[in-house]
Amino acid sequence: MSKVSDRIADLPALLSGPSGTVVLRAVLLGSLAACVLLGIPWRRRAGSAAGVLAGGGLGPAAAVAILLILGYQATWQLTGFARPRFMHFMRTYDRRPWRAADGFRRGSLVDGRGLRLAVDDRGVPGRRCYPLGEAGAHILGYRHGRYGLSGLEHTLDPVLSGVLPLSSRDLGSLPQGLLRQDETAKAAWEETLVRLRRFSRSALDHGDAGGADVHLTLDGRLQKVAQSLLAGRPGACVALRPRDGAILVLVSSPSFDPEDLDMESLRLRPDAPLFNRALRGLYPPGSAFKVLVAAAALDAGLEPVWDCPAEGFRPGPGQPPICDHESYEYARRGRVWPGRQGVDIEAALTHSSNAYFARLGVALGHQAFNRVTAAALFNQSLPLAEAPGSPAAAASQAPRILEGEAGELAQCSIGQGRMLATPLQMALIAAAVGADGLLWQPRLLSAEPPRCAGRVMSPATARRLRGAMRRVVREGTARRADVPGLEVAGKTGTAQGAVAGDHAWFIALAPAAAPEVALAVVIEHGGYGSRSAVPVGADLLGAARTLGILGGTAGGEGP
Amino acid sequence: MNGERKPLPRPAPTPSVWRFRGVERLLLFLGVLAIGAANGAILVGSMAAGEEISWHAVLPLGLFLASALWVHGALLAAGSRCDPVLPALALILTGMGLVLRTRFGGWDHASLTRPATYAVPVGVLGMVVLAIVFRRGRWAGLAGWRWVCLGSAAVLLLAMRFAGHRYRGGYYGAGNTNPTEIVKVLMVFFTAGFLARRGDALPRAALLPLPHRLYWGLALCWALPLGLLAWNRDLGMVMILAAVLAAMLWLATGRLSVWAGSLLGAAAAAVLALGVTAHGQRRLAAWADPFADATGTGWQALQALTAFYNGGLWGRGIGAGSPESVPVAASDFVYAVAGEELGFAGCAALLLLYGVMVVRGYRIALARRDLFGALLAGGLTTALAVQTLVNVGGVTKAIPMTGVTLPLISHGGSSLLTTFLMLGLILAVSDPPDAPAPAPPA
C-alpha cells in the first residue's frame, strides 16, 4: 500500500523530468498526427463525385492554403534567426525569462590572427565576453541587455546575429558562375551550403546554430599594448598598414569595461571615457601636419633654403609673427635665440621650424594647400567599412583658404589656426608617406578588399620625406623613438589647443625603407610631443616587432 | 470507452452503426490520449511547482471525456450515419482549446459563473441535437426560411451598429457577446435557399462579361449585410462572407467566370478597404513592415511571432510558455500560444486537423444529390475554413490581422456556439436520406 502511494508521490517528479516531458509530448503529438492520418479520406466513396454540385476542388484549395501558411509560419518560427530585424526586436522586447533569441549563438569578432575579441559565453546564454576588456571597448563596442549594441557589435549585428540569406540576384547568377568555374561563384556556393547546413540544424534546435563570425584587421594583442601604453591618459592611438589601409590598432583612452557597464557614472566622468577619441576626437595637428605641407612643396618643386631668424616669420603687415619653438624656450629662460641659418626642407622638418613652414605654406599658395588637404581626405567623414552604418571617423577640418588669406595660410601650414584632425587622419598622412604617396582607405574588415583613395604625393616625394622623417628620429625631436633595429621614421607635434595645455602628437612609420606600420599617437595636454607621445609610439612599434607584426630584419642595420 | 454498448443489429449489406462509427471511437480514444497528455503536463507542472491542485485542474480532460461519451453515445443511440470523423476531430480541437485556455487562468471558481464557460457543453449538446434532428433530408425544410434568415441577419447587424458597444475596434452585444457570428450561418442559409430555388438556371448563369440576372438579385440581397459589416469595420467577417458567397456560387455553377469575378471583386474590395480608408492603410502598413513601428502598431504581431520563435520545432511544452507576453492571447492570438507551447510540429498537427475537417466537409457537400443540402454543407465548410485561414494567417503575419477568432480553440462563447451549430448542420447533411434506416436501439 505504502509502495503504491510512494510511487504516486514520485509521479510528478518522474513526469516533470526531461524524459517525462518527452513522453507526454510524444503522446500528444503522436495522437494528433494519428488523428490526421485517420481522418484523411483516402478511399473515394462510391457515388461521391456524382452529386449535383458543379464546382469541386475547394478542399484541395483549402489544404494548399493551409500548407502555404504553415510554410510562412516556419520562416518565423524555425528560421526567424535569418531575419536580423526580428532578432533585434526579440532581443530588445522579449520579456521571457528564457529567450530563444539568446540561445542562438552570436558570431564572434575575430582579429587578424584568429584571436576572438568578442565571443559568447558558453556557460551563460546571452552573456558576451570581451577578452580585450577596456582595450577594445570603443571600436568593438558592447552588447548589453539594457544599453543595447554599440560599435562594431552594432554595425555587424545582421551578420553576427543572423544567417543572412543570399539575395535573389546572387542566387540567380550562381548556376552560370558555377558552370564557368568562377572562383567567387564557387565560394558563394560553399557559403550557401554552410548556411543550409546551419539552417537545417537550427530547425531542430535554435541553440545549435549561430551567426557568422566576422574577421577584423585589428591585432588584439597590439591593441592591448597600446591601451596600456596610454595608461589612462586622455588620448588615442591608431596604427595601420600603409599599403592596404588595414587598421591594426584603434584605441581611445580613457576607456571602460564593456562587460561591466555603469553608464550613469561613465556619463558623468569629466574625462569622457565613452568618447572615442581615435575616431571622433578633433585636435589641432600642430607640427605633425608639416609633413603634408612638405609633401605639397616637394611635389611643386619648391625646395627653398631659408634663414629662420629669431623674430620668426610675419605673413603680412600687421600680422603676428610665427616663431620657432626654440625662440620661445630661450625667451622663457631670459635669453635670445640666435636663429638658424641656411635651413633646407629636411632640416626644417628635423627641427620642426615653424617660421620655415609658415613661409613655405605662403610660398606654396592657397590652391596647392587646398588641393593637398582634399587629396588627404580632409573635410569628409571616413567610414571604416563599406556596410552602411559602419563606424566612421569624423571629418577632419582644413579650412578652404582663399586668395589673400596669407595669415590663415601660414597658421594652417604649421597645423594651427582652424586646422583640426582626428588621430586616424594623422595616421593616414603617415601611411600615405609610407605607401609611396598612395592613400589607401582605412578598413576594419578582412573580407573587404583594399581600396585606393588616390595619390597624395609622388613616389619620389614620399621617399624623400621618409628620409627626412627618419632624420627627425635620428637627430631631431623624436630621438626617443630611435629603437635600434626598427628604423623608425616620424614626426612630432605640439599643438596649442583652444584651452590651456598643449596636445602631444607623434606620427611614425617603420621601417623607413619599406614601411609596414604607420601610426599616430595623440595625448591630450601631453605637453611636448617628444616627451609624452613619442615614447608611446616607440614602445608600440617595439611591441609590434616582438609580436612579429614588424619584420624587424628589413632595416635592422640602421646607423 | 463506451465499451458496454452492444453492437446494433446489422442491416445487410451496409455495416452496422456500431461498426460505421468505429473510426469515431478510435479517434476519440486518441483524443483522450492527446488531451490527457496535455492536461497531465499542466498538472505535473503545477504539482512540481508545489501548487495546490483542485478538481478544476482536470476540467479540460473531464469536459472532453463527457463530450466524447455524449457525442458518440447519442449518435450511436440515434443510429446516425453522419460523418464519423468530423465530430471526433471537432471535439479534439475543442479539447486542445480547453487545455490551452487553462493557461490563462480559465478554470477557477470565478470562471464557473461566466456564461462563456458553458459554451462548450451547450455547443456539443446542440451539435448532436442538430445532427440528429435535421438528418436524412429533413434539412430541406430549412430552405423555406431563407428570407427570414436574410431579414434577421440585417436586423441583427443594424441592432449591433446602433445598440452594441464598442470594444477593441468592434461592436459587441450585451456581456461582450458577439452575435454577428451567427450572421455567417444565416447568410449561408439564405444563399443556399436562393440558389437551390433557381437550380435549373445555374449552369447557364455566366457572371462575365455581363452578369446573369440571377446575380443581380443575389447582389442586391447581399449588399445590405456586407455593407453593414464594412461599416462596422468588421473586415474579417466581410472576408469570410465574401469567400462564402464566391465558394457557393462556384459550387452551384461550376463556371470559371465565378473565379474571375471573385478575384476581381476581392481586389476591388481590398483596394477600397485597405487603400482608401485611413484605418485600412494603418493596418496595411503595420502588416507590410511591423518593424517600422515595432512598439506601436507592429507590437501585437511581433510579440505573436516572438512567441512562435520561442516555440521552435517541438515547443516549450504545454504549460511552459508565456502567454502573458502575447496580447489578446486567449481569443484572437491563441494560435500564437499554441505555437509557443506545442511548437511548429503541434501547430502543423492542429492545422492539419482543421484541413481534414474542411476536406471532409467539402466531400459531404459533393456527395449530396440535393442542391440545398449540398450548398448548405459547402457554404458552412467554407465559412469554417476561411475563418481558420484568416485567423491563422493574421497571427502568423501571412495576411493583415483582422480580429477573427480561431474556430473551436479561441476563447469566446458566441464563436464556439456558432461553430458547433455549423458543425451540427454539416453533420446533419452528411447523414444521407437514401441510407437504410437502422433498427432502433434496444
# chains A, B, ... in the order shown; residues from 1 in each chain; ligands from 1
call {"tool": "select_by_dssp", "arguments": {"residues": "stretch 352-556 of chain A", "states": "strand (DSSP E or B)", "output": "PDB file with N, CA and C atoms, in the first residue's frame"}}
result
ATOM      1  N   LEU A 382      35.177  59.526 -42.693  1.00  0.00           N
ATOM      2  CA  LEU A 382      35.880  58.361 -43.228  1.00  0.00           C
ATOM      3  C   LEU A 382      35.306  57.077 -42.648  1.00  0.00           C
ATOM      4  N   PRO A 383      34.433  56.390 -43.386  1.00  0.00           N
ATOM      5  CA  PRO A 383      33.895  55.121 -42.879  1.00  0.00           C
ATOM      6  C   PRO A 383      34.974  54.044 -42.889  1.00  0.00           C
ATOM      7  N   ALA A 392      32.705  55.358 -38.308  1.00  0.00           N
ATOM      8  CA  ALA A 392      33.388  56.267 -39.231  1.00  0.00           C
ATOM      9  C   ALA A 392      34.133  57.311 -38.431  1.00  0.00           C
ATOM     10  N   ALA A 393      35.246  57.727 -38.955  1.00  0.00           N
ATOM     11  CA  ALA A 393      35.979  58.812 -38.331  1.00  0.00           C
ATOM     12  C   ALA A 393      35.304  60.129 -38.696  1.00  0.00           C
ATOM     13  N   GLN A 397      39.131  68.797 -40.195  1.00  0.00           N
ATOM     14  CA  GLN A 397      38.793  70.091 -40.780  1.00  0.00           C
ATOM     15  C   GLN A 397      40.033  70.837 -41.242  1.00  0.00           C
ATOM     16  N   LEU A 420      41.927  71.115 -37.781  1.00  0.00           N
ATOM     17  CA  LEU A 420      41.596  70.105 -36.772  1.00  0.00           C
ATOM     18  C   LEU A 420      41.673  68.742 -37.439  1.00  0.00           C
ATOM     19  N   ALA A 421      42.274  67.784 -36.758  1.00  0.00           N
ATOM     20  CA  ALA A 421      42.399  66.462 -37.373  1.00  0.00           C
ATOM     21  C   ALA A 421      42.137  65.381 -36.336  1.00  0.00           C
ATOM     22  N   LEU A 438      50.533  56.890 -52.182  1.00  0.00           N
ATOM     23  CA  LEU A 438      49.134  56.471 -52.374  1.00  0.00           C
ATOM     24  C   LEU A 438      48.422  56.458 -51.031  1.00  0.00           C
ATOM     25  N   LEU A 439      47.145  56.836 -51.067  1.00  0.00           N
ATOM     26  CA  LEU A 439      46.359  56.817 -49.838  1.00  0.00           C
ATOM     27  C   LEU A 439      45.347  55.689 -49.936  1.00  0.00           C
ATOM     28  N   TRP A 440      45.451  54.720 -49.018  1.00  0.00           N
ATOM     29  CA  TRP A 440      44.508  53.603 -49.002  1.00  0.00           C
ATOM     30  C   TRP A 440      43.428  53.874 -47.977  1.00  0.00           C
ATOM     31  N   ARG A 443      40.412  50.474 -43.415  1.00  0.00           N
ATOM     32  CA  ARG A 443      39.383  49.417 -43.383  1.00  0.00           C
ATOM     33  C   ARG A 443      39.596  48.525 -42.179  1.00  0.00           C
ATOM     34  N   LEU A 445      37.494  45.401 -41.876  1.00  0.00           N
ATOM     35  CA  LEU A 445      37.041  44.033 -42.137  1.00  0.00           C
ATOM     36  C   LEU A 445      38.007  43.356 -43.104  1.00  0.00           C
ATOM     37  N   CYS A 452      41.969  52.005 -52.957  1.00  0.00           N
ATOM     38  CA  CYS A 452      42.868  53.158 -53.005  1.00  0.00           C
ATOM     39  C   CYS A 452      42.044  54.423 -53.145  1.00  0.00           C
ATOM     40  N   ALA A 453      42.350  55.403 -52.317  1.00  0.00           N
ATOM     41  CA  ALA A 453      41.571  56.645 -52.348  1.00  0.00           C
ATOM     42  C   ALA A 453      42.281  57.721 -53.165  1.00  0.00           C
ATOM     43  N   GLY A 454      43.386  57.376 -53.804  1.00  0.00           N
ATOM     44  CA  GLY A 454      44.049  58.372 -54.647  1.00  0.00           C
ATOM     45  C   GLY A 454      45.477  58.626 -54.206  1.00  0.00           C
ATOM     46  N   ARG A 455      46.114  59.559 -54.915  1.00  0.00           N
ATOM     47  CA  ARG A 455      47.523  59.857 -54.666  1.00  0.00           C
ATOM     48  C   ARG A 455      47.641  61.193 -53.953  1.00  0.00           C
ATOM     49  N   ALA A 489      60.778  56.131 -38.679  1.00  0.00           N
ATOM     50  CA  ALA A 489      60.738  57.490 -39.221  1.00  0.00           C
ATOM     51  C   ALA A 489      59.513  58.153 -38.627  1.00  0.00           C
ATOM     52  N   GLY A 490      59.620  59.412 -38.255  1.00  0.00           N
ATOM     53  CA  GLY A 490      58.455  60.003 -37.601  1.00  0.00           C
ATOM     54  C   GLY A 490      58.480  61.506 -37.592  1.00  0.00           C
ATOM     55  N   LYS A 491      57.447  62.046 -36.987  1.00  0.00           N
ATOM     56  CA  LYS A 491      57.363  63.497 -36.833  1.00  0.00           C
ATOM     57  C   LYS A 491      56.559  63.779 -35.585  1.00  0.00           C
ATOM     58  N   THR A 492      57.093  64.678 -34.773  1.00  0.00           N
ATOM     59  CA  THR A 492      56.367  65.036 -33.555  1.00  0.00           C
ATOM     60  C   THR A 492      55.480  66.238 -33.812  1.00  0.00           C
ATOM     61  N   GLY A 493      54.641  66.500 -32.870  1.00  0.00           N
ATOM     62  CA  GLY A 493      53.813  67.692 -32.960  1.00  0.00           C
ATOM     63  C   GLY A 493      53.442  68.145 -31.569  1.00  0.00           C
ATOM     64  N   THR A 494      53.413  69.467 -31.387  1.00  0.00           N
ATOM     65  CA  THR A 494      52.955  70.028 -30.124  1.00  0.00           C
ATOM     66  C   THR A 494      51.934  71.082 -30.495  1.00  0.00           C
ATOM     67  N   ALA A 495      50.688  70.742 -30.264  1.00  0.00           N
ATOM     68  CA  ALA A 495      49.635  71.606 -30.790  1.00  0.00           C
ATOM     69  C   ALA A 495      49.016  72.414 -29.676  1.00  0.00           C
ATOM     70  N   GLN A 496      48.853  73.712 -29.952  1.00  0.00           N
ATOM     71  CA  GLN A 496      48.197  74.554 -28.967  1.00  0.00           C
ATOM     72  C   GLN A 496      46.698  74.404 -29.126  1.00  0.00           C
ATOM     73  N   ASP A 502      49.132  71.985 -24.110  1.00  0.00           N
ATOM     74  CA  ASP A 502      49.372  71.578 -25.490  1.00  0.00           C
ATOM     75  C   ASP A 502      49.101  70.096 -25.660  1.00  0.00           C
ATOM     76  N   HIS A 503      48.612  69.752 -26.858  1.00  0.00           N
ATOM     77  CA  HIS A 503      48.409  68.345 -27.180  1.00  0.00           C
ATOM     78  C   HIS A 503      49.684  67.806 -27.811  1.00  0.00           C
ATOM     79  N   ALA A 504      50.043  66.595 -27.379  1.00  0.00           N
ATOM     80  CA  ALA A 504      51.274  65.995 -27.887  1.00  0.00           C
ATOM     81  C   ALA A 504      50.950  65.023 -29.013  1.00  0.00           C
ATOM     82  N   TRP A 505      51.667  65.156 -30.136  1.00  0.00           N
ATOM     83  CA  TRP A 505      51.436  64.281 -31.301  1.00  0.00           C
ATOM     84  C   TRP A 505      52.700  63.533 -31.641  1.00  0.00           C
ATOM     85  N   PHE A 506      52.509  62.352 -32.198  1.00  0.00           N
ATOM     86  CA  PHE A 506      53.613  61.667 -32.836  1.00  0.00           C
ATOM     87  C   PHE A 506      53.052  60.817 -33.954  1.00  0.00           C
ATOM     88  N   ILE A 507      53.522  61.067 -35.182  1.00  0.00           N
ATOM     89  CA  ILE A 507      53.157  60.158 -36.264  1.00  0.00           C
ATOM     90  C   ILE A 507      54.442  59.475 -36.709  1.00  0.00           C
ATOM     91  N   ALA A 508      54.329  58.187 -37.069  1.00  0.00           N
ATOM     92  CA  ALA A 508      55.557  57.436 -37.334  1.00  0.00           C
ATOM     93  C   ALA A 508      55.329  56.338 -38.346  1.00  0.00           C
ATOM     94  N   LEU A 509      56.460  55.871 -38.884  1.00  0.00           N
ATOM     95  CA  LEU A 509      56.487  54.784 -39.851  1.00  0.00           C
ATOM     96  C   LEU A 509      57.627  53.860 -39.466  1.00  0.00           C
ATOM     97  N   ALA A 510      57.464  52.580 -39.747  1.00  0.00           N
ATOM     98  CA  ALA A 510      58.604  51.683 -39.529  1.00  0.00           C
ATOM     99  C   ALA A 510      58.432  50.448 -40.391  1.00  0.00           C
ATOM    100  N   VAL A 517      54.151  49.508 -40.892  1.00  0.00           N
ATOM    101  CA  VAL A 517      53.191  50.047 -39.936  1.00  0.00           C
ATOM    102  C   VAL A 517      53.291  51.565 -39.957  1.00  0.00           C
ATOM    103  N   ALA A 518      52.145  52.212 -39.975  1.00  0.00           N
ATOM    104  CA  ALA A 518      52.087  53.668 -39.804  1.00  0.00           C
ATOM    105  C   ALA A 518      51.211  53.929 -38.593  1.00  0.00           C
ATOM    106  N   LEU A 519      51.604  54.909 -37.794  1.00  0.00           N
ATOM    107  CA  LEU A 519      50.779  55.144 -36.606  1.00  0.00           C
ATOM    108  C   LEU A 519      50.699  56.623 -36.272  1.00  0.00           C
ATOM    109  N   ALA A 520      49.699  56.927 -35.475  1.00  0.00           N
ATOM    110  CA  ALA A 520      49.559  58.275 -34.941  1.00  0.00           C
ATOM    111  C   ALA A 520      49.166  58.141 -33.479  1.00  0.00           C
ATOM    112  N   VAL A 521      49.824  58.940 -32.634  1.00  0.00           N
ATOM    113  CA  VAL A 521      49.504  58.960 -31.209  1.00  0.00           C
ATOM    114  C   VAL A 521      49.209  60.393 -30.837  1.00  0.00           C
ATOM    115  N   VAL A 522      48.125  60.581 -30.087  1.00  0.00           N
ATOM    116  CA  VAL A 522      47.892  61.912 -29.543  1.00  0.00           C
ATOM    117  C   VAL A 522      47.634  61.758 -28.053  1.00  0.00           C
ATOM    118  N   ILE A 523      48.187  62.685 -27.296  1.00  0.00           N
ATOM    119  CA  ILE A 523      47.919  62.697 -25.860  1.00  0.00           C
ATOM    120  C   ILE A 523      47.473  64.097 -25.501  1.00  0.00           C
TER     121      ILE A 523
END
call {"tool": "residues_around", "arguments": {"residues": "B:Val337", "least_positions_apart": "2", "cutoff": "10 Å", "atoms": "only C-alpha atoms", "output": "PDB file with N, CA and C atoms, in the first residue's frame"}}
result
ATOM      1  N   LEU B 100      -5.392  24.698 -23.675  1.00  0.00           N
ATOM      2  CA  LEU B 100      -4.609  25.928 -23.873  1.00  0.00           C
ATOM      3  C   LEU B 100      -5.183  27.056 -23.040  1.00  0.00           C
ATOM      4  N   ARG B 101      -6.503  27.059 -22.866  1.00  0.00           N
ATOM      5  CA  ARG B 101      -7.128  28.144 -22.112  1.00  0.00           C
ATOM      6  C   ARG B 101      -6.855  28.039 -20.615  1.00  0.00           C
ATOM      7  N   ARG B 103      -4.205  27.893 -19.387  1.00  0.00           N
ATOM      8  CA  ARG B 103      -3.026  28.697 -19.140  1.00  0.00           C
ATOM      9  C   ARG B 103      -3.354  30.146 -18.843  1.00  0.00           C
ATOM     10  N   ALA B 304       3.491  38.134 -31.160  1.00  0.00           N
ATOM     11  CA  ALA B 304       2.991  36.811 -31.541  1.00  0.00           C
ATOM     12  C   ALA B 304       4.094  36.026 -32.245  1.00  0.00           C
ATOM     13  N   ALA B 307       6.556  34.741 -29.857  1.00  0.00           N
ATOM     14  CA  ALA B 307       6.077  33.520 -29.199  1.00  0.00           C
ATOM     15  C   ALA B 307       6.345  32.309 -30.095  1.00  0.00           C
ATOM     16  N   PHE B 308       6.086  32.458 -31.387  1.00  0.00           N
ATOM     17  CA  PHE B 308       6.356  31.356 -32.315  1.00  0.00           C
ATOM     18  C   PHE B 308       7.834  30.982 -32.263  1.00  0.00           C
ATOM     19  N   GLY B 311       8.823  29.037 -29.468  1.00  0.00           N
ATOM     20  CA  GLY B 311       8.328  27.668 -29.504  1.00  0.00           C
ATOM     21  C   GLY B 311       9.255  26.735 -30.260  1.00  0.00           C
ATOM     22  N   GLY B 315       8.280  23.033 -29.469  1.00  0.00           N
ATOM     23  CA  GLY B 315       7.529  23.800 -28.493  1.00  0.00           C
ATOM     24  C   GLY B 315       8.184  23.771 -27.123  1.00  0.00           C
ATOM     25  N   ILE B 318       3.449  22.060 -23.107  1.00  0.00           N
ATOM     26  CA  ILE B 318       2.194  22.611 -22.605  1.00  0.00           C
ATOM     27  C   ILE B 318       2.408  23.112 -21.186  1.00  0.00           C
ATOM     28  N   GLY B 319       1.990  24.340 -20.948  1.00  0.00           N
ATOM     29  CA  GLY B 319       2.136  24.894 -19.613  1.00  0.00           C
ATOM     30  C   GLY B 319       3.476  25.559 -19.376  1.00  0.00           C
ATOM     31  N   GLY B 321       4.875  27.811 -21.665  1.00  0.00           N
ATOM     32  CA  GLY B 321       5.015  29.040 -22.449  1.00  0.00           C
ATOM     33  C   GLY B 321       4.751  30.273 -21.603  1.00  0.00           C
ATOM     34  N   SER B 322       4.778  31.426 -22.244  1.00  0.00           N
ATOM     35  CA  SER B 322       4.493  32.678 -21.549  1.00  0.00           C
ATOM     36  C   SER B 322       3.366  33.403 -22.265  1.00  0.00           C
ATOM     37  N   PRO B 323       2.129  32.877 -22.141  1.00  0.00           N
ATOM     38  CA  PRO B 323       1.030  33.512 -22.883  1.00  0.00           C
ATOM     39  C   PRO B 323       0.796  34.943 -22.441  1.00  0.00           C
ATOM     40  N   GLU B 324       1.304  35.304 -21.230  1.00  0.00           N
ATOM     41  CA  GLU B 324       1.047  36.676 -20.769  1.00  0.00           C
ATOM     42  C   GLU B 324       1.792  37.702 -21.609  1.00  0.00           C
ATOM     43  N   SER B 325       2.800  37.254 -22.369  1.00  0.00           N
ATOM     44  CA  SER B 325       3.516  38.241 -23.181  1.00  0.00           C
ATOM     45  C   SER B 325       2.893  38.406 -24.568  1.00  0.00           C
ATOM     46  N   VAL B 326       1.898  37.610 -24.889  1.00  0.00           N
ATOM     47  CA  VAL B 326       1.211  37.782 -26.175  1.00  0.00           C
ATOM     48  C   VAL B 326      -0.089  38.535 -25.931  1.00  0.00           C
ATOM     49  N   ALA B 329      -4.102  37.014 -26.013  1.00  0.00           N
ATOM     50  CA  ALA B 329      -3.704  35.626 -26.244  1.00  0.00           C
ATOM     51  C   ALA B 329      -4.893  34.677 -26.211  1.00  0.00           C
ATOM     52  N   ALA B 330      -5.848  34.956 -25.325  1.00  0.00           N
ATOM     53  CA  ALA B 330      -6.912  33.972 -25.121  1.00  0.00           C
ATOM     54  C   ALA B 330      -7.832  33.864 -26.325  1.00  0.00           C
ATOM     55  N   PHE B 333      -5.354  35.606 -30.557  1.00  0.00           N
ATOM     56  CA  PHE B 333      -3.962  35.164 -30.752  1.00  0.00           C
ATOM     57  C   PHE B 333      -3.671  33.821 -30.092  1.00  0.00           C
ATOM     58  N   VAL B 334      -4.715  33.035 -29.864  1.00  0.00           N
ATOM     59  CA  VAL B 334      -4.489  31.755 -29.176  1.00  0.00           C
ATOM     60  C   VAL B 334      -3.557  30.863 -30.003  1.00  0.00           C
ATOM     61  N   TYR B 335      -3.562  31.064 -31.298  1.00  0.00           N
ATOM     62  CA  TYR B 335      -2.698  30.231 -32.144  1.00  0.00           C
ATOM     63  C   TYR B 335      -1.219  30.493 -31.843  1.00  0.00           C
ATOM     64  N   GLY B 339       1.568  27.921 -30.777  1.00  0.00           N
ATOM     65  CA  GLY B 339       2.861  27.876 -31.437  1.00  0.00           C
ATOM     66  C   GLY B 339       4.003  27.820 -30.444  1.00  0.00           C
ATOM     67  N   GLU B 340       3.849  28.550 -29.319  1.00  0.00           N
ATOM     68  CA  GLU B 340       4.928  28.554 -28.334  1.00  0.00           C
ATOM     69  C   GLU B 340       4.947  27.250 -27.536  1.00  0.00           C
ATOM     70  N   GLU B 341       3.753  26.751 -27.162  1.00  0.00           N
ATOM     71  CA  GLU B 341       3.733  25.596 -26.262  1.00  0.00           C
ATOM     72  C   GLU B 341       3.831  24.275 -27.018  1.00  0.00           C
ATOM     73  N   LEU B 342       3.229  24.211 -28.198  1.00  0.00           N
ATOM     74  CA  LEU B 342       3.251  22.945 -28.951  1.00  0.00           C
ATOM     75  C   LEU B 342       4.305  22.953 -30.040  1.00  0.00           C
ATOM     76  N   GLY B 343       4.841  24.112 -30.346  1.00  0.00           N
ATOM     77  CA  GLY B 343       5.877  24.189 -31.374  1.00  0.00           C
ATOM     78  C   GLY B 343       5.299  24.114 -32.772  1.00  0.00           C
ATOM     79  N   CYS B 347       1.574  22.920 -34.111  1.00  0.00           N
ATOM     80  CA  CYS B 347       0.787  23.803 -34.980  1.00  0.00           C
ATOM     81  C   CYS B 347       0.409  23.077 -36.257  1.00  0.00           C
TER      82      CYS B 347
END
call {"tool": "interface_residues", "arguments": {"of": "chain B", "to": "chain A", "cutoff": "6 Å", "atoms": "only C-alpha atoms", "output": "ChimeraX atom specification"}}
result
/B:27,30,34,37,44,85,250-254,308-310,312,349,353,355-356,359,362,366-369,396
call {"tool": "write_last_selection", "arguments": {"atoms": "N, CA, C and O atoms", "output": "compact mmCIF listing (two decimals), in the first residue's frame"}}
result
# COMPACT_ATOMS: atom_id res chain seq x y z
N LEU B 27 -10.78 7.57 -33.00
CA LEU B 27 -10.29 8.96 -32.95
C LEU B 27 -10.49 9.55 -31.56
O LEU B 27 -9.61 10.24 -31.04
N LEU B 30 -7.88 8.26 -29.28
CA LEU B 30 -6.63 9.00 -29.49
C LEU B 30 -6.71 10.39 -28.87
O LEU B 30 -5.74 10.91 -28.31
N ALA B 34 -4.29 12.28 -26.29
CA ALA B 34 -3.67 13.59 -26.56
C ALA B 34 -4.02 14.59 -25.48
O ALA B 34 -3.14 15.25 -24.91
N ALA B 37 -2.55 13.70 -22.14
CA ALA B 37 -1.13 14.06 -22.06
C ALA B 37 -0.97 15.56 -21.85
O ALA B 37 -0.16 16.01 -21.02
N VAL B 44 1.23 18.09 -13.88
CA VAL B 44 2.55 17.74 -13.37
C VAL B 44 3.35 19.00 -13.11
O VAL B 44 4.04 19.13 -12.09
N VAL B 85 -15.86 11.14 -38.68
CA VAL B 85 -14.57 11.79 -38.40
C VAL B 85 -14.77 13.20 -37.89
O VAL B 85 -14.12 13.65 -36.94
N TRP B 250 -19.47 29.12 -56.98
CA TRP B 250 -18.63 28.18 -57.73
C TRP B 250 -19.20 26.76 -57.61
O TRP B 250 -19.33 26.05 -58.60
N LEU B 251 -19.58 26.38 -56.40
CA LEU B 251 -20.15 25.05 -56.20
C LEU B 251 -21.43 24.89 -57.01
O LEU B 251 -21.68 23.84 -57.60
N ALA B 252 -22.22 25.95 -57.06
CA ALA B 252 -23.53 25.84 -57.71
C ALA B 252 -23.41 25.88 -59.23
O ALA B 252 -24.15 25.16 -59.92
N THR B 253 -22.53 26.72 -59.75
CA THR B 253 -22.50 26.90 -61.21
C THR B 253 -21.33 26.17 -61.86
O THR B 253 -21.43 25.74 -63.01
N GLY B 254 -20.22 26.06 -61.18
CA GLY B 254 -19.04 25.45 -61.79
C GLY B 254 -18.49 26.27 -62.93
O GLY B 254 -17.76 25.76 -63.78
N PHE B 308 6.09 32.46 -31.39
CA PHE B 308 6.36 31.36 -32.31
C PHE B 308 7.83 30.98 -32.26
O PHE B 308 8.19 29.81 -32.16
N TYR B 309 8.69 32.00 -32.35
CA TYR B 309 10.13 31.73 -32.39
C TYR B 309 10.57 31.01 -31.11
O TYR B 309 11.39 30.11 -31.14
N ASN B 310 9.98 31.43 -29.97
CA ASN B 310 10.34 30.77 -28.72
C ASN B 310 9.87 29.33 -28.68
O ASN B 310 10.42 28.52 -27.96
N GLY B 312 9.81 27.23 -31.35
CA GLY B 312 10.69 26.37 -32.15
C GLY B 312 9.94 25.21 -32.77
O GLY B 312 8.74 25.29 -33.02
N ALA B 349 0.11 19.91 -36.67
CA ALA B 349 -0.90 18.90 -36.36
C ALA B 349 -2.27 19.55 -36.23
O ALA B 349 -3.26 19.07 -36.81
N LEU B 353 -5.48 19.02 -38.70
CA LEU B 353 -6.79 18.58 -38.22
C LEU B 353 -7.89 19.46 -38.83
O LEU B 353 -8.90 18.96 -39.32
N GLY B 355 -7.59 21.05 -41.57
CA GLY B 355 -7.60 20.73 -43.00
C GLY B 355 -8.42 19.49 -43.28
O GLY B 355 -9.24 19.47 -44.22
N VAL B 356 -8.27 18.47 -42.46
CA VAL B 356 -9.03 17.23 -42.65
C VAL B 356 -10.52 17.51 -42.49
O VAL B 356 -11.35 17.05 -43.28
N VAL B 359 -11.69 19.29 -45.66
CA VAL B 359 -11.76 18.39 -46.81
C VAL B 359 -12.98 17.48 -46.69
O VAL B 359 -13.73 17.27 -47.65
N TYR B 362 -16.20 19.37 -47.53
CA TYR B 362 -16.47 19.52 -48.97
C TYR B 362 -16.89 18.19 -49.58
O TYR B 362 -17.69 18.15 -50.50
N LEU B 366 -20.16 17.50 -51.78
CA LEU B 366 -20.12 16.97 -53.15
C LEU B 366 -20.88 15.66 -53.28
O LEU B 366 -21.24 15.26 -54.38
N ALA B 367 -21.09 14.99 -52.17
CA ALA B 367 -21.76 13.70 -52.24
C ALA B 367 -23.29 13.83 -52.21
O ALA B 367 -23.99 12.84 -52.42
N ARG B 368 -23.80 15.05 -51.93
CA ARG B 368 -25.25 15.20 -51.81
C ARG B 368 -25.91 15.34 -53.17
O ARG B 368 -25.36 15.94 -54.09
N ARG B 369 -27.13 14.77 -53.30
CA ARG B 369 -27.87 14.89 -54.55
C ARG B 369 -28.85 16.04 -54.49
O ARG B 369 -29.45 16.40 -55.49
N THR B 396 0.11 34.69 -37.92
CA THR B 396 1.46 34.43 -38.42
C THR B 396 1.96 35.54 -39.34
O THR B 396 3.03 35.43 -39.91
call {"tool": "residues_around", "arguments": {"residues": "stretch 140-153 of chain B", "least_positions_apart": "5", "cutoff": "6 Å", "atoms": "only C-alpha atoms", "output": "PyMOL selection string"}}
result
chain B and resi 183+186+189-190+193
